[in-house]
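K.L.:
Let me give you the structure first, and then I'll get to my questions.
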Amino acid sequence: LETKLPKVGTTIFTVMSQLALEHKAVNLGQGFPDFAVPQRLVDALSRAMAEGRNQYAPMHGVPALRQAIAAKTARCYGREVDPDAEITVTSGASEAIFDAVLAVVRPGEEVVVLDPCYDCYEPAIDLAGGVAVHVPLDPQDFTVDWQRVREAISPRTRMLMINSPHNPSGAMLTEGDMRELASLLRDTSIVLLSDEVYEHIVFDGARHESVLRHPELAERAFVVSSFGKTYHCTGWKVGYAVAPPALTAEFRKVHQYNTFCTFAPAQFAFAEMIEHEPSHHEQLGEFYESKRDRFREQLQGTKLRPLPVPGGYFQLVDYSAVSDLSDAEFCRWLTVEKGVAAIPLSPFYARPPEGQRLARLCFAKEAATLDAAIERLKAL
Ligand code: PMP
Ligand code: GLN
C-alpha cells in the first residue's frame, strides 16, 4: 500500500499512555485531568439522555449551545457573533482543526505552523494536499520571531496556525504579538487558525489574547476551542469553531460530511451548564495556578529544572542534570524504569532543536497523583 501519511505512526499520547498502563507508571504524559467533571454537567448529561435527546443534533450544533457560546464570546472577548452563521459545534477541537484545514487549503498551498506544535496540525495539512511550512519558536521561551514568520510567507501561503496558551510550552501570545500578526496578515488573503483550547487556563493575572478580541484578525480567522479543557471532560470530545459567515459556510461543508453532528446529549448539557454557571471558567485560572505552584515547588526537590508556565496545564522540565538520553528515550526510561510517564517534545517538531533535553509533565491531576509522581522523581 502506498500510504498517504508515511511520516505518521501512532500518536505519542497513545504510546505513552499505553506504556504507563503496562508499567503502572503515574501518568503525567497525555494531557487529561484525573478529577471529577462538575456535578451539574454530569446531571445535565444524564437528564438529556433520559429526556430523549438522543437523536441527531442539528448539523451545526444545538441552538441553545450556540447561543450560550455567542453570549460567552461577547462577555469574554467583547465580540458579537451570530450563533447561526458563525458558530459550529464539533466533535472536539481536533475535528474543528481538520474541518478548517480541509475546507480552505487546496493541494500545493502552504500552511505556516510554529514549532513545536500540536501533533494533529501537520497530518490535517498533508491530507488536504497542502504543505506545512515550519517556523521554530524561540527554544528558550517559546516566543514567536515575527520576522521569521514574515520570511516564511509566500504567494502560496493559504493559512497560518497559532496556539495560545501553547501546548506543550504554556507560552502565551501578547497584545504586541497580535499587533505583529495583524500587520503581517494585512493585505494578504491568508486565513488564520487560532487554537485556543486552553483559553481559560491562564496565570499570574495575564489576559488571554483571543483572536476574538481583535476584529481585524477575527475577520479572517477560525477560532477553535474545546469544552474538554474547560470542564475537565476530555473524553466527551465536544468543541467548536467561531468564524465569519463565509468561512463558516465552507467549514460546514466539511463538517456535515465528516461527522455531520456532535454527540447531542452533551450539547444540551453544556448549554445548561454555561447558562446556569456562566462564570465557571473564571475560577479555572486560579484552580490550575495553585496546582502549578505546588507542583513547581515540589519539583525543586528533584534534579528536574522547571521552565516557566504562563498558561495551560503542562510543565516543561529540563532533565539534563539527570540524563543525556534523547527526549524520546528519556521519557520511555522514566516511564518504564522510574514509574512516571512524560511526553517528549520532539514529536511536536519537524526538526527538534539539537541537544534539547525537555519533557512535558501534565499537572491537571489530584494532589495525591502529583505527590506520588514527585516521590518517584525525587529518586532520579
Ligand atoms: N489543540 C491543542 C493544543 C490540544 O492540546 C488539544 C488536546 N489536548 C486539542 C487541540 C484537541 O482538543 P480536543 O480533545 O477537544 O479534540
Ligand atoms: N491534547 C492532549 C495532549 O496534548 C492529548 C490528546 C490526545 O491524546 N489526542 O496531551
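Labels for the C-alpha cells follow display order: chains A, B, ..., residues from 1 in each chain, ligands from 1.
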Considering only C-alpha atoms, give me a table of residues in region 250-350 of chain A that are at most 10 Å from region 42-48 of chain A, with the closest atom pair and distance in Å for each, as CSV.
P.N.:
```
residue,atom,partner,partner_atom,distance
A:Ala264,CA,A:Ala48,CA,8.5
A:Pro265,CA,A:Ala48,CA,5.2
A:Ala266,CA,A:Leu45,CA,5.7
A:Gln267,CA,A:Leu45,CA,8.5
A:Phe268,CA,A:Ala48,CA,6.4
A:Ala269,CA,A:Ala44,CA,4.7
A:Phe270,CA,A:Ala44,CA,8.0
A:Ala271,CA,A:Ala44,CA,9.2
A:Glu272,CA,A:Ala44,CA,7.0
A:Met273,CA,A:Ala44,CA,7.7
```
K.L.:
Quick one: residues within 10 Å of region 147-157 of chain A, only C-alpha atoms, excluding same-chain residues fewer than 6 positions away - as a ChimeraX atom specification?
P.N.:
/A:105-106,108-114,130-137,180-181,184-185,188-191
K.L.:
Find the residues near ligand 1. Use a cut-off of 9 Å, count only C-alpha atoms and all ligand atoms, and write them as number ranges by chain.
P.N.:
A: 30-32, 90-97, 117-121, 163-168, 195-198, 224-229, 233-240, 312
K.L.:
Quick one: write out the picked residues with N, CA and C atoms as a compact mmCIF listing (two decimals), in the first residue's frame?
P.N.:
```
# COMPACT_ATOMS: atom_id res chain seq x y z
N GLN A 30 0.00 12.01 28.63
CA GLN A 30 -1.16 12.53 27.90
C GLN A 30 -1.92 13.54 28.76
N GLY A 31 -2.34 14.65 28.15
CA GLY A 31 -2.98 15.72 28.91
C GLY A 31 -4.45 15.46 29.17
N PHE A 32 -4.76 15.05 30.40
CA PHE A 32 -6.17 14.94 30.80
C PHE A 32 -6.25 15.05 32.31
N THR A 90 -18.42 21.06 17.16
CA THR A 90 -17.69 19.95 16.54
C THR A 90 -17.34 18.88 17.57
N SER A 91 -16.90 17.74 17.08
CA SER A 91 -16.51 16.65 17.98
C SER A 91 -15.07 16.88 18.43
N GLY A 92 -14.94 17.81 19.34
CA GLY A 92 -13.62 18.21 19.84
C GLY A 92 -13.00 19.28 18.97
N ALA A 93 -11.96 19.92 19.54
CA ALA A 93 -11.21 20.90 18.75
C ALA A 93 -10.53 20.20 17.58
N SER A 94 -10.18 18.92 17.78
CA SER A 94 -9.49 18.18 16.71
C SER A 94 -10.32 18.18 15.43
N GLU A 95 -11.61 17.90 15.57
CA GLU A 95 -12.44 17.88 14.37
C GLU A 95 -12.49 19.28 13.74
N ALA A 96 -12.58 20.30 14.59
CA ALA A 96 -12.64 21.67 14.08
C ALA A 96 -11.38 22.02 13.29
N ILE A 97 -10.23 21.58 13.80
CA ILE A 97 -8.96 21.87 13.12
C ILE A 97 -8.94 21.17 11.75
N CYS A 117 4.53 22.31 17.64
CA CYS A 117 3.08 22.49 17.53
C CYS A 117 2.37 21.16 17.77
N TYR A 118 1.10 21.28 18.11
CA TYR A 118 0.27 20.13 18.44
C TYR A 118 0.27 19.13 17.28
N ASP A 119 0.28 17.87 17.63
CA ASP A 119 0.63 16.85 16.62
C ASP A 119 -0.39 16.60 15.52
N CYS A 120 -1.62 17.12 15.67
CA CYS A 120 -2.59 16.85 14.60
C CYS A 120 -2.55 17.89 13.48
N TYR A 121 -1.78 18.96 13.66
CA TYR A 121 -1.82 20.01 12.63
C TYR A 121 -1.28 19.51 11.28
N ASN A 163 -1.39 29.01 18.41
CA ASN A 163 -1.93 28.27 19.54
C ASN A 163 -1.47 28.96 20.83
N SER A 164 -2.44 29.56 21.54
CA SER A 164 -2.12 30.25 22.80
C SER A 164 -3.31 30.09 23.75
N PRO A 165 -3.05 29.76 25.03
CA PRO A 165 -1.82 29.23 25.59
C PRO A 165 -1.37 27.99 24.82
N HIS A 166 -0.05 27.86 24.79
CA HIS A 166 0.58 26.93 23.86
C HIS A 166 0.81 25.54 24.48
N ASN A 167 0.48 24.54 23.69
CA ASN A 167 0.83 23.16 24.02
C ASN A 167 2.03 22.81 23.13
N PRO A 168 3.16 22.42 23.65
CA PRO A 168 3.45 21.96 25.01
C PRO A 168 4.01 22.99 26.00
N ASP A 195 -5.88 28.19 17.65
CA ASP A 195 -6.23 27.08 18.55
C ASP A 195 -6.16 27.61 19.98
N GLU A 196 -7.34 27.80 20.58
CA GLU A 196 -7.41 28.44 21.90
C GLU A 196 -8.02 27.50 22.94
N VAL A 197 -7.70 26.21 22.84
CA VAL A 197 -8.36 25.25 23.73
C VAL A 197 -8.05 25.50 25.21
N TYR A 198 -6.90 26.14 25.49
CA TYR A 198 -6.56 26.43 26.91
C TYR A 198 -6.89 27.88 27.27
N VAL A 224 -10.79 28.20 17.47
CA VAL A 224 -11.19 26.86 17.86
C VAL A 224 -11.03 26.69 19.37
N SER A 225 -12.04 26.12 20.03
CA SER A 225 -11.89 25.81 21.45
C SER A 225 -12.50 24.45 21.76
N SER A 226 -12.36 24.05 23.03
CA SER A 226 -12.78 22.70 23.41
C SER A 226 -13.35 22.71 24.82
N PHE A 227 -14.53 22.14 25.00
CA PHE A 227 -15.10 22.04 26.35
C PHE A 227 -14.34 21.02 27.20
N GLY A 228 -13.60 20.15 26.53
CA GLY A 228 -12.83 19.14 27.25
C GLY A 228 -11.90 19.75 28.29
N LYS A 229 -11.27 20.87 27.93
CA LYS A 229 -10.29 21.51 28.82
C LYS A 229 -10.98 22.33 29.89
N CYS A 233 -13.43 17.32 30.90
CA CYS A 233 -14.05 16.13 30.28
C CYS A 233 -13.48 15.93 28.88
N THR A 234 -12.20 15.62 28.83
CA THR A 234 -11.55 15.48 27.51
C THR A 234 -12.17 14.33 26.70
N GLY A 235 -12.76 13.35 27.41
CA GLY A 235 -13.32 12.19 26.71
C GLY A 235 -14.68 12.45 26.07
N TRP A 236 -15.27 13.58 26.37
CA TRP A 236 -16.57 13.86 25.75
C TRP A 236 -16.43 14.36 24.32
N LYS A 237 -15.25 14.94 24.03
CA LYS A 237 -14.93 15.41 22.68
C LYS A 237 -16.01 16.34 22.11
N VAL A 238 -16.19 17.46 22.78
CA VAL A 238 -17.05 18.49 22.22
C VAL A 238 -16.26 19.80 22.17
N GLY A 239 -16.21 20.38 21.00
CA GLY A 239 -15.52 21.65 20.82
C GLY A 239 -16.31 22.50 19.84
N TYR A 240 -15.71 23.59 19.39
CA TYR A 240 -16.43 24.42 18.42
C TYR A 240 -15.47 25.32 17.67
N GLY A 312 -2.02 27.13 30.42
CA GLY A 312 -2.17 25.71 30.07
C GLY A 312 -1.93 24.82 31.27
```
K.L.:
Report the distance between CA of Leu284 (chain A) and CA of Tyr231 (chain A) in Å, rounded to one decimal place.
P.N.:
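Taking CA of Leu284 (chain A) and CA of Tyr231 (chain A), their separation equals 9.2 Å.
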K.L.:
Please provide the set of residues having any atom within 8 Å of Ala85 (chain A), restricted to only C-alpha atoms, with same-chain residues fewer than 4 positions apart removed, written as a PyMOL selection string.
P.N.:
chain A and resi 244-245+248-249
